[in-house]
>>> print(open('run38.txt').read())   # compact mmCIF, C-alpha atoms and all ligand atoms
# COMPACT_ATOMS: atom_id res chain seq x y z
CA MET A 59 11.22 35.27 22.31
CA THR A 60 9.21 34.04 19.29
CA ASN A 61 5.87 35.82 18.87
CA ALA A 62 3.55 32.82 18.46
CA ASP A 63 0.54 34.96 17.45
CA ARG A 64 2.43 36.79 14.71
CA LEU A 65 3.91 33.59 13.31
CA TRP A 66 0.52 31.87 13.33
CA ARG A 67 -1.25 34.83 11.69
CA ARG A 68 1.31 34.81 8.87
CA ILE A 69 0.99 31.05 8.39
CA ARG A 70 -2.79 31.48 8.07
CA GLU A 71 -2.40 34.44 5.65
CA VAL A 72 -0.01 32.63 3.30
CA ALA A 73 -2.29 29.58 3.37
CA GLU A 74 -5.09 31.61 1.76
CA ILE A 75 -2.99 32.12 -1.39
CA GLY A 76 -3.81 29.38 -3.90
CA ARG A 77 -6.58 27.90 -1.78
CA THR A 78 -8.22 25.02 -3.68
CA GLU A 79 -11.77 23.74 -3.77
CA GLY A 80 -10.42 20.63 -2.07
CA GLY A 81 -9.51 22.75 0.96
CA GLY A 82 -5.76 22.58 0.31
CA VAL A 83 -3.35 24.89 -1.47
CA ALA A 84 -1.86 24.88 -4.99
CA ARG A 85 1.04 27.22 -5.56
CA LEU A 86 3.01 25.84 -8.47
CA SER A 87 6.32 27.36 -9.50
CA PHE A 88 6.45 30.48 -11.67
CA THR A 89 2.69 31.02 -11.36
CA GLY A 90 0.74 33.97 -10.00
CA GLU A 91 0.15 32.04 -6.77
CA GLU A 92 3.86 31.55 -6.11
CA ARG A 93 4.42 35.22 -7.00
CA ALA A 94 1.68 36.38 -4.60
CA ALA A 95 3.07 34.24 -1.77
CA LYS A 96 6.58 35.61 -2.32
CA ASP A 97 5.23 39.19 -2.40
CA LEU A 98 3.44 38.67 0.92
CA VAL A 99 6.54 37.09 2.47
CA ALA A 100 8.63 40.02 1.15
CA SER A 101 6.34 42.40 3.07
CA TYR A 102 6.91 40.37 6.26
CA MET A 103 10.66 40.42 5.60
CA ARG A 104 10.59 44.23 5.45
CA GLU A 105 8.64 44.34 8.74
CA ALA A 106 11.43 42.18 10.16
CA GLY A 107 14.01 44.77 9.14
CA LEU A 108 15.49 42.63 6.36
CA GLU A 109 16.97 43.95 3.11
CA VAL A 110 14.91 42.19 0.41
CA ARG A 111 15.92 41.06 -3.09
CA GLU A 112 15.36 38.20 -5.54
CA ASP A 113 18.14 36.34 -7.27
CA ALA A 114 18.37 35.08 -10.86
CA ALA A 115 16.38 31.93 -9.98
CA GLY A 116 13.60 33.91 -8.32
CA ASN A 117 14.71 32.91 -4.81
CA LEU A 118 13.37 35.56 -2.44
CA ILE A 119 16.08 36.64 0.00
CA GLY A 120 15.96 38.87 3.08
CA ARG A 121 19.32 39.84 4.58
CA ARG A 122 20.44 41.05 7.99
CA GLU A 123 24.05 42.18 8.33
CA GLY A 124 26.52 40.71 10.79
CA SER A 125 29.02 42.64 12.88
CA GLU A 126 31.99 41.32 10.89
CA ALA A 127 32.08 42.58 7.33
CA GLY A 128 32.52 40.13 4.49
CA GLY A 129 32.00 36.90 6.45
CA PRO A 130 30.08 33.88 5.22
CA VAL A 131 26.32 34.04 5.68
CA VAL A 132 24.07 31.79 7.74
CA LEU A 133 21.18 30.87 5.46
CA THR A 134 17.74 29.76 6.66
CA GLY A 135 14.32 29.30 5.11
CA SER A 136 12.30 26.86 3.02
CA HIS A 137 9.85 27.22 0.12
CA VAL A 138 6.39 28.69 -0.55
CA ASP A 139 5.48 26.60 -3.60
CA SER A 140 3.30 23.55 -2.91
CA VAL A 141 2.16 20.28 -4.40
CA ARG A 142 -1.30 20.17 -6.04
CA ASN A 143 -3.88 20.39 -3.27
CA GLY A 144 -1.19 20.30 -0.59
CA GLY A 145 -1.24 21.45 3.01
CA ASP A 146 -0.71 24.80 4.73
CA PHE A 147 2.58 24.08 6.49
CA ASP A 148 4.94 22.25 4.08
CA GLY A 149 7.35 25.05 3.18
CA PRO A 150 5.72 28.22 4.56
CA LEU A 151 6.43 27.21 8.17
CA GLY A 152 10.20 27.22 7.53
CA VAL A 153 10.14 30.53 5.67
CA LEU A 154 7.88 32.29 8.19
CA ALA A 155 9.71 30.91 11.24
CA ALA A 156 12.96 32.20 9.72
CA VAL A 157 11.38 35.64 9.19
CA GLU A 158 10.11 35.48 12.78
CA ALA A 159 13.61 34.64 14.05
CA ALA A 160 15.03 37.63 12.17
CA GLN A 161 12.25 39.90 13.43
CA VAL A 162 12.84 38.93 17.07
CA MET A 163 16.58 39.51 16.60
CA HIS A 164 15.76 42.91 15.08
CA GLU A 165 13.40 43.85 17.93
CA GLU A 166 15.73 42.62 20.66
CA GLY A 167 18.80 44.19 19.05
CA THR A 168 20.60 40.83 18.80
CA ALA A 169 23.92 41.31 17.03
CA THR A 170 25.60 38.34 15.34
CA ARG A 171 29.09 38.02 13.87
CA ARG A 172 27.84 36.55 10.63
CA PRO A 173 25.10 37.91 8.40
CA LEU A 174 21.79 36.07 8.31
CA GLU A 175 19.79 35.51 5.14
CA VAL A 176 16.21 34.24 5.04
CA VAL A 177 15.29 32.51 1.78
CA ALA A 178 12.06 31.38 0.14
CA PHE A 179 13.38 28.99 -2.50
CA THR A 180 11.76 28.71 -5.94
CA ASP A 181 10.03 25.40 -6.72
CA GLU A 182 11.12 22.96 -4.02
CA GLU A 183 8.30 20.51 -4.67
CA GLY A 184 8.77 19.66 -8.34
CA ALA A 185 4.98 19.48 -8.68
CA ARG A 186 4.96 21.31 -12.00
CA PHE A 187 7.96 19.90 -13.90
CA SER A 188 8.68 16.65 -11.98
CA PHE A 189 11.99 18.42 -11.35
CA GLY A 190 12.15 20.08 -7.98
CA MET A 191 14.49 22.15 -5.81
CA ILE A 192 15.12 24.51 -8.74
CA GLY A 193 16.00 27.50 -6.55
CA SER A 194 18.36 25.60 -4.27
CA ARG A 195 20.04 23.83 -7.20
CA ALA A 196 20.67 27.25 -8.75
CA LEU A 197 21.97 28.71 -5.48
CA ALA A 198 24.34 25.74 -5.14
CA GLY A 199 25.66 26.38 -8.66
CA LEU A 200 24.17 23.15 -10.03
CA LEU A 201 22.01 24.68 -12.81
CA GLY A 202 22.93 26.20 -16.14
CA PRO A 203 20.69 27.43 -18.98
CA ASN A 204 20.86 23.95 -20.57
CA ASP A 205 19.32 22.29 -17.51
CA LEU A 206 15.95 24.01 -17.89
CA GLY A 207 14.32 21.87 -20.59
CA GLN A 208 11.94 19.85 -18.39
CA THR A 209 8.32 20.39 -19.38
CA ASP A 210 5.09 20.69 -17.42
CA GLY A 211 1.81 19.01 -18.38
CA ASP A 212 1.18 21.66 -21.05
CA GLY A 213 4.61 21.28 -22.66
CA THR A 214 5.96 24.55 -21.19
CA THR A 215 9.66 24.27 -20.30
CA VAL A 216 11.21 25.58 -17.08
CA ALA A 217 13.06 28.16 -19.21
CA GLU A 218 9.79 29.37 -20.80
CA ALA A 219 8.05 29.50 -17.42
CA MET A 220 10.95 31.55 -16.05
CA ARG A 221 10.68 34.00 -18.94
CA SER A 222 6.97 34.52 -18.46
CA TYR A 223 7.68 35.12 -14.75
CA GLY A 224 10.15 37.89 -15.68
CA LEU A 225 13.37 35.94 -15.18
CA ASP A 226 16.12 35.37 -17.75
CA PRO A 227 16.97 31.65 -17.92
CA GLN A 228 20.31 32.47 -19.61
CA ARG A 229 21.33 34.15 -16.34
CA ILE A 230 20.37 31.30 -13.98
CA GLY A 231 24.08 30.83 -13.18
CA ASP A 232 24.10 34.26 -11.49
CA ALA A 233 22.17 32.74 -8.57
CA ALA A 234 25.16 30.51 -7.68
CA ARG A 235 26.90 31.35 -4.41
CA PRO A 236 30.71 31.15 -4.41
CA PRO A 237 32.37 28.36 -2.39
CA GLY A 238 32.93 29.42 1.21
CA SER A 239 30.25 32.15 1.12
CA VAL A 240 27.63 30.19 3.09
CA ALA A 241 28.57 29.11 6.62
CA ALA A 242 25.50 26.91 7.13
CA TYR A 243 21.93 26.33 5.97
CA VAL A 244 19.28 25.49 8.57
CA GLU A 245 15.62 24.77 7.79
CA LEU A 246 12.61 24.31 10.02
CA HIS A 247 9.97 22.00 8.52
CA ILE A 248 7.02 19.92 9.61
CA GLU A 249 8.02 16.29 10.16
CA GLN A 250 5.43 14.85 7.73
CA GLY A 251 5.62 11.61 9.71
CA LYS A 252 4.59 10.27 13.12
CA VAL A 253 7.85 9.88 15.04
CA LEU A 254 7.49 13.05 17.12
CA GLU A 255 3.77 12.56 17.67
CA ASP A 256 4.33 9.00 18.90
CA ALA A 257 7.09 10.25 21.22
CA GLY A 258 4.90 13.11 22.52
CA LEU A 259 7.49 15.73 21.52
CA PRO A 260 6.87 19.07 19.76
CA VAL A 261 10.27 19.36 18.09
CA GLY A 262 13.04 17.09 16.78
CA VAL A 263 16.57 17.37 15.38
CA VAL A 264 17.14 15.85 11.94
CA THR A 265 20.09 13.51 11.38
CA GLY A 266 19.91 13.41 7.59
CA ILE A 267 17.62 13.38 4.55
CA ALA A 268 16.70 10.25 2.60
CA GLY A 269 17.82 10.27 -1.05
CA PRO A 270 15.15 10.12 -3.76
CA VAL A 271 15.38 8.63 -7.24
CA TRP A 272 12.68 9.79 -9.65
CA LEU A 273 12.13 7.70 -12.78
CA ARG A 274 9.70 7.78 -15.67
CA LEU A 275 8.78 4.29 -16.91
CA SER A 276 7.20 3.95 -20.36
CA PHE A 277 5.32 0.89 -21.62
CA GLU A 278 4.66 0.53 -25.35
CA GLY A 279 2.03 -2.09 -26.21
CA GLU A 280 -0.63 -2.03 -28.88
CA ALA A 281 -4.04 -0.40 -28.69
CA GLY A 282 -6.81 -2.71 -29.81
CA HIS A 283 -10.48 -3.60 -29.60
CA ALA A 284 -11.44 -4.66 -26.07
CA GLY A 285 -14.22 -6.89 -27.39
CA THR A 286 -12.55 -8.69 -30.25
CA THR A 287 -8.96 -9.22 -29.05
CA PRO A 288 -8.81 -12.50 -27.11
CA MET A 289 -6.98 -12.71 -23.80
CA GLY A 290 -3.45 -14.10 -24.12
CA ALA A 291 -0.55 -13.59 -26.48
CA GLN A 292 -2.51 -11.54 -28.99
CA ARG A 293 -3.00 -8.74 -26.46
CA ARG A 294 -0.16 -6.36 -25.84
CA ASP A 295 -1.82 -4.43 -23.03
CA ALA A 296 0.56 -1.73 -21.78
CA LEU A 297 -1.47 -1.12 -18.62
CA ALA A 298 -1.58 -4.80 -17.65
CA ALA A 299 2.24 -4.83 -17.90
CA ALA A 300 2.48 -1.58 -15.90
CA ALA A 301 0.17 -3.02 -13.23
CA ALA A 302 2.44 -6.06 -12.81
CA VAL A 303 5.41 -3.71 -12.44
CA MET A 304 3.55 -1.60 -9.87
CA ARG A 305 2.95 -4.72 -7.82
CA LEU A 306 6.65 -5.55 -8.03
CA ILE A 307 7.55 -2.02 -6.87
CA GLU A 308 5.43 -2.48 -3.76
CA GLU A 309 6.84 -5.94 -3.03
CA GLU A 310 10.50 -4.98 -3.49
CA ALA A 311 10.27 -1.79 -1.41
CA THR A 312 8.28 -3.49 1.36
CA ALA A 313 10.79 -6.35 1.58
CA THR A 314 13.60 -3.97 2.65
CA GLY A 315 11.71 -2.54 5.62
CA SER A 316 13.21 0.90 4.87
CA THR A 317 12.83 1.83 1.20
CA VAL A 318 9.61 3.54 0.13
CA GLY A 319 8.36 3.28 -3.45
CA THR A 320 5.49 5.30 -4.92
CA VAL A 321 3.79 5.60 -8.30
CA GLY A 322 2.20 9.05 -8.17
CA LEU A 323 1.64 9.80 -11.86
CA LEU A 324 -0.01 7.46 -14.34
CA ASP A 325 -0.89 8.29 -17.94
CA LEU A 326 -2.44 5.99 -20.48
CA SER A 327 -3.52 6.31 -24.05
CA PRO A 328 -5.56 6.26 -26.14
CA GLY A 329 -7.98 5.96 -23.17
CA GLY A 330 -11.41 4.48 -23.66
CA ILE A 331 -13.61 1.91 -21.94
CA ASN A 332 -13.45 -0.36 -24.98
CA ILE A 333 -9.81 0.17 -26.00
CA ILE A 334 -6.84 -1.91 -24.84
CA PRO A 335 -4.29 0.61 -23.51
CA GLY A 336 -1.50 0.96 -26.07
CA ARG A 337 0.84 3.21 -24.14
CA VAL A 338 1.42 3.89 -20.43
CA THR A 339 3.85 6.12 -18.62
CA LEU A 340 4.20 6.17 -14.87
CA SER A 341 6.42 7.92 -12.36
CA LEU A 342 8.42 6.09 -9.72
CA ASP A 343 9.68 7.77 -6.55
CA LEU A 344 12.08 5.53 -4.55
CA ARG A 345 13.74 6.69 -1.34
CA ASP A 346 15.93 5.40 1.45
CA ILE A 347 18.34 6.92 3.94
CA ASP A 348 20.71 4.11 2.76
CA GLU A 349 21.64 4.65 -0.88
CA THR A 350 22.85 1.06 -1.44
CA VAL A 351 19.56 -0.41 -0.27
CA ARG A 352 17.59 2.01 -2.47
CA ASP A 353 19.73 1.30 -5.53
CA GLY A 354 19.35 -2.45 -4.94
CA VAL A 355 15.56 -2.09 -4.97
CA GLU A 356 15.79 0.00 -8.13
CA SER A 357 17.82 -2.61 -10.04
CA ARG A 358 15.57 -5.47 -8.96
CA ILE A 359 12.50 -3.53 -10.08
CA LEU A 360 14.02 -2.65 -13.44
CA GLU A 361 15.23 -6.23 -14.06
CA GLY A 362 11.80 -7.60 -13.14
CA ALA A 363 10.05 -5.00 -15.29
CA LYS A 364 12.11 -6.00 -18.34
CA GLU A 365 11.14 -9.64 -17.83
CA ILE A 366 7.46 -8.79 -17.38
CA CYS A 367 7.43 -6.65 -20.53
CA THR A 368 9.37 -9.14 -22.65
CA GLY A 369 6.90 -11.86 -21.65
CA ARG A 370 4.00 -9.66 -22.76
CA GLY A 371 5.52 -8.30 -25.96
CA VAL A 372 5.48 -4.79 -24.49
CA GLY A 373 8.31 -2.32 -25.03
CA PHE A 374 9.87 -0.84 -21.90
CA ARG A 375 11.90 2.36 -21.42
CA VAL A 376 13.34 4.10 -18.36
CA GLU A 377 14.22 7.77 -17.98
CA THR A 378 15.92 9.14 -14.87
CA LEU A 379 14.41 12.47 -13.79
CA GLN A 380 16.59 12.95 -10.73
CA ARG A 381 18.91 10.92 -8.52
CA LEU A 382 20.02 12.37 -5.20
CA ALA A 383 22.25 10.83 -2.57
CA PRO A 384 21.03 10.92 1.04
CA ALA A 385 22.22 14.12 2.74
CA PRO A 386 23.61 14.00 6.29
CA CYS A 387 23.03 16.96 8.62
CA SER A 388 26.21 18.47 10.08
CA GLU A 389 27.38 17.74 13.64
CA GLU A 390 27.57 21.48 14.31
CA ALA A 391 23.97 22.20 13.29
CA ARG A 392 22.69 19.12 15.11
CA ALA A 393 24.52 20.10 18.30
CA ALA A 394 23.23 23.68 18.14
CA ALA A 395 19.63 22.53 17.67
CA TRP A 396 20.01 19.86 20.37
CA ALA A 397 21.28 22.50 22.84
CA ALA A 398 18.38 24.82 21.94
CA CYS A 399 15.88 22.03 22.68
CA GLU A 400 17.53 21.43 26.05
CA GLU A 401 17.50 25.15 26.93
CA LEU A 402 13.78 25.28 26.22
CA GLY A 403 13.01 22.15 28.24
CA PHE A 404 12.12 19.97 25.22
CA GLU A 405 13.54 16.47 25.45
CA PRO A 406 15.88 16.41 22.43
CA ARG A 407 15.16 13.68 19.91
CA GLU A 408 16.96 12.91 16.67
CA LEU A 409 15.20 11.48 13.61
CA PRO A 410 15.83 11.13 9.86
CA SER A 411 13.81 12.92 7.17
CA GLY A 412 11.92 10.75 4.72
CA ALA A 413 10.89 13.79 2.66
CA GLY A 414 13.31 15.69 0.44
CA HIS A 415 14.31 19.27 1.22
CA ASP A 416 16.35 22.08 -0.37
CA GLY A 417 19.29 21.40 1.96
CA MET A 418 20.05 18.29 -0.13
CA GLN A 419 21.14 20.51 -3.01
CA LEU A 420 23.32 22.69 -0.76
CA ILE A 421 25.37 19.84 0.70
CA GLY A 422 28.36 20.60 -1.57
CA LEU A 423 28.21 24.31 -0.70
CA CYS A 424 27.80 24.32 3.09
CA PRO A 425 26.95 22.22 6.15
CA ILE A 426 23.20 21.78 6.56
CA GLY A 427 20.85 21.27 9.48
CA MET A 428 17.12 20.71 9.91
CA ILE A 429 14.64 20.96 12.76
CA PHE A 430 11.27 19.22 12.63
CA VAL A 431 7.93 20.22 14.15
CA ARG A 432 5.39 17.56 15.12
CA SER A 433 2.79 16.78 12.43
CA ARG A 434 -0.73 15.73 13.39
CA ASP A 435 -1.28 12.08 12.36
CA GLY A 436 1.88 12.32 10.25
CA ILE A 437 -0.21 13.57 7.31
CA SER A 438 1.35 15.76 4.61
CA HIS A 439 0.96 16.59 0.90
CA ASN A 440 -2.72 16.59 1.82
CA PRO A 441 -5.11 19.37 2.91
CA ALA A 442 -5.38 17.67 6.32
CA GLU A 443 -1.73 18.51 7.05
CA TRP A 444 -1.62 20.21 10.46
CA SER A 445 0.73 21.35 13.20
CA SER A 446 -0.48 23.30 16.23
CA LYS A 447 0.25 26.97 16.85
CA GLU A 448 2.21 26.00 19.98
CA ASP A 449 4.34 23.44 18.15
CA CYS A 450 5.08 25.86 15.29
CA ALA A 451 6.18 28.48 17.84
CA ALA A 452 8.30 25.91 19.70
CA GLY A 453 10.06 24.95 16.46
CA ALA A 454 10.56 28.61 15.54
CA GLU A 455 12.19 29.31 18.89
CA VAL A 456 14.52 26.32 18.51
CA LEU A 457 15.36 27.60 15.02
CA ARG A 458 16.07 31.13 16.29
CA ARG A 459 18.44 29.92 18.98
CA THR A 460 20.18 27.57 16.56
CA LEU A 461 20.68 30.43 14.10
CA VAL A 462 22.11 32.75 16.76
CA THR A 463 24.58 30.03 17.82
CA LEU A 464 25.72 29.35 14.25
CA ALA A 465 25.88 33.02 13.33
CA ASN A 466 28.22 33.69 16.26
CA ARG A 467 30.65 30.86 15.43
C1 LIG A 501 9.04 17.01 -1.38
O1 LIG A 501 8.21 17.20 -0.52
C2 LIG A 501 9.57 15.69 -1.57
O2 LIG A 501 9.98 15.07 -0.57
O3 LIG A 501 9.54 15.18 -2.71
MN MN A 502 8.73 21.06 2.01
MN MN A 503 6.61 18.74 0.18
>>> encode(input="run38.txt", output="structure tokens")
Amino acid sequence: MTNADRLWRRIREVAEIGRTEGGGVARLSFTGEERAAKDLVASYMREAGLEVREDAAGNLIGRREGSEAGGPVVLTGSHVDSVRNGGDFDGPLGVLAAVEAAQVMHEEGTATRRPLEVVAFTDEEGARFSFGMIGSRALAGLLGPNDLGQTDGDGTTVAEAMRSYGLDPQRIGDAARPPGSVAAYVELHIEQGKVLEDAGLPVGVVTGIAGPVWLRLSFEGEAGHAGTTPMGAQRRDALAAAAAVMRLIEEEATATGSTVGTVGLLDLSPGGINIIPGRVTLSLDLRDIDETVRDGVESRILEGAKEICTGRGVGFRVETLQRLAPAPCSEEARAAAWAACEELGFEPRELPSGAGHDGMQLIGLCPIGMIFVRSRDGISHNPAEWSSKEDCAAGAEVLRRTLVTLANR
């Protein structure tokens, strides 16, 4: 049975790495904080009897052999990187619950046909390069050395960050797993929404993951004197155009009832209380579990944005940073998690994931599954993110049982 105290102690210990003044955590990819978190998790993996290594993408992997040699592996885990000033549970819960599952199996002498691997993926969040899921993309064989050119706020590329972390970006392809080598990937994660809380349930079974599109929108106007440039056609205010587009984003997403649209990054220059903004770039994150609905919102926003900018004499440019299709969870993983909930006396409940997760990248490699733990007030990507010790342990136990089922298939 899951050791709730041990799991909770480890969650609290990892949460102290990268603690911010704002009371949250910041563990960006390829930094000392991500390194320290992986080192601590590696020590837990060894306590759990796992054979520990890191692959060419820096994914930390702990392996437990199965009784049948050479069979495909059941993979489980999550990430230990975080957003800027994020919460204590997004990522670490899934890694530490997977370590806990392996440790209980080790202590109880549970043999499984298939090997089990626990993974802490490199950079799930994309907080540093606006390009996330780097470790899982690499493991799925979706990254080559030429895909590492995205830059962070200081102009450092992913490839350069990898080098300073001690990894060789030319060898990123070595992290790819061959087709057929992974039987399933299952991740435990906090829900980051209010469905389970509203239903009064500690744990839920995920049906699928909404697909995100990440865009960078650039507006090119003309900087000018705020006092001497009259309102009207003479002004080519890039921020005023961007503001009209931001309003359109909110209207178009809201009108669908399902798509969510967020502008989370906004840059303007030159920047000054008495200068008309000449240039603006903003990020757009659009998601829906239905790809057609999401893509419809995207085209209406882009059409509208062109019109707005033309009318204001402002140049407009769009760059796609990532485009992922929604990812369905497999029947097999869902059924195994559902049965585990029933065994433990938790009313099983299925729900979709609005947040993105590493499993999305693995969908071409293996069937995926996810289990959610109730989040307090649905808050996440915020220091107030919280799930109780009891709920974390309940989710970990559902995960452990699900893994044993899948590893004996
Ligand atoms: C990660 O948390 C994401 O959903 O973007
Ligand atoms: Mn996460
Ligand atoms: Mn997250």
>>> residues_around(input="run38.txt", residues="Leu457 (chain A)", least_positions_apart="4", cutoff="8 Å", atoms="only C-alpha atoms", output="count of residues only")
10
>>> closest_residue(input="run38.txt", among="A:Gly224, A:Pro384, A:Pro236, A:Gly144", to="ligand MN 503 (chain A)", atoms="all atoms listed in the file")
A:Gly144
>>> atom_distance(input="run38.txt", atom1="CA of Glu183 (chain A)", atom2="atom O2 of ligand LIG 501 (chain A)")
7.0 Å
>>> closest_residue(input="run38.txt", among="A:Lys447, A:Arg407, A:Arg345, A:Arg358", to="Glu309 (chain A)", atoms="all atoms listed in the file")
A:Arg358
>>> atom_distance(input="run38.txt", atom1="CA of Glu175 (chain A)", atom2="atom O1 of ligand LIG 501 (chain A)")
22.4 Å
>>> decode(input="run38.txt", residues="region 427-440 of chain A", atoms="N, CA and C atoms", output="PDB file, in the first residue's frame")
ATOM      1  N   GLY A 427      -2.237   7.015 -20.761  1.00  0.00           N
ATOM      2  CA  GLY A 427      -3.319   7.141 -19.792  1.00  0.00           C
ATOM      3  C   GLY A 427      -2.945   8.192 -18.766  1.00  0.00           C
ATOM      4  N   MET A 428      -3.954   8.799 -18.143  1.00  0.00           N
ATOM      5  CA  MET A 428      -3.685   9.777 -17.078  1.00  0.00           C
ATOM      6  C   MET A 428      -4.703   9.635 -15.955  1.00  0.00           C
ATOM      7  N   ILE A 429      -4.234   9.906 -14.756  1.00  0.00           N
ATOM      8  CA  ILE A 429      -5.101   9.889 -13.566  1.00  0.00           C
ATOM      9  C   ILE A 429      -4.963  11.258 -12.916  1.00  0.00           C
ATOM     10  N   PHE A 430      -6.071  11.842 -12.525  1.00  0.00           N
ATOM     11  CA  PHE A 430      -6.041  13.167 -11.901  1.00  0.00           C
ATOM     12  C   PHE A 430      -6.347  13.088 -10.408  1.00  0.00           C
ATOM     13  N   VAL A 431      -5.703  13.995  -9.672  1.00  0.00           N
ATOM     14  CA  VAL A 431      -5.952  14.170  -8.236  1.00  0.00           C
ATOM     15  C   VAL A 431      -6.658  15.519  -8.061  1.00  0.00           C
ATOM     16  N   ARG A 432      -7.611  15.556  -7.179  1.00  0.00           N
ATOM     17  CA  ARG A 432      -8.375  16.781  -6.901  1.00  0.00           C
ATOM     18  C   ARG A 432      -7.457  17.962  -6.560  1.00  0.00           C
ATOM     19  N   SER A 433      -7.735  19.106  -7.166  1.00  0.00           N
ATOM     20  CA  SER A 433      -7.010  20.355  -6.877  1.00  0.00           C
ATOM     21  C   SER A 433      -7.901  21.258  -6.034  1.00  0.00           C
ATOM     22  N   ARG A 434      -7.324  21.889  -5.017  1.00  0.00           N
ATOM     23  CA  ARG A 434      -8.113  22.826  -4.211  1.00  0.00           C
ATOM     24  C   ARG A 434      -8.431  24.075  -5.033  1.00  0.00           C
ATOM     25  N   ASP A 435      -9.688  24.418  -5.103  1.00  0.00           N
ATOM     26  CA  ASP A 435     -10.183  25.598  -5.837  1.00  0.00           C
ATOM     27  C   ASP A 435      -9.798  25.591  -7.316  1.00  0.00           C
ATOM     28  N   GLY A 436      -9.304  24.479  -7.801  1.00  0.00           N
ATOM     29  CA  GLY A 436      -8.938  24.391  -9.223  1.00  0.00           C
ATOM     30  C   GLY A 436      -7.739  25.238  -9.608  1.00  0.00           C
ATOM     31  N   ILE A 437      -7.001  25.743  -8.618  1.00  0.00           N
ATOM     32  CA  ILE A 437      -5.910  26.694  -8.909  1.00  0.00           C
ATOM     33  C   ILE A 437      -4.614  25.964  -9.253  1.00  0.00           C
ATOM     34  N   SER A 438      -3.952  26.445 -10.328  1.00  0.00           N
ATOM     35  CA  SER A 438      -2.651  25.887 -10.701  1.00  0.00           C
ATOM     36  C   SER A 438      -1.834  26.933 -11.440  1.00  0.00           C
ATOM     37  N   HIS A 439      -0.549  26.644 -11.667  1.00  0.00           N
ATOM     38  CA  HIS A 439       0.393  27.636 -12.210  1.00  0.00           C
ATOM     39  C   HIS A 439       0.331  28.889 -11.323  1.00  0.00           C
ATOM     40  N   ASN A 440       0.328  28.654 -10.045  1.00  0.00           N
ATOM     41  CA  ASN A 440       0.133  29.693  -9.036  1.00  0.00           C
ATOM     42  C   ASN A 440       0.620  29.107  -7.710  1.00  0.00           C
TER      43      ASN A 440
END
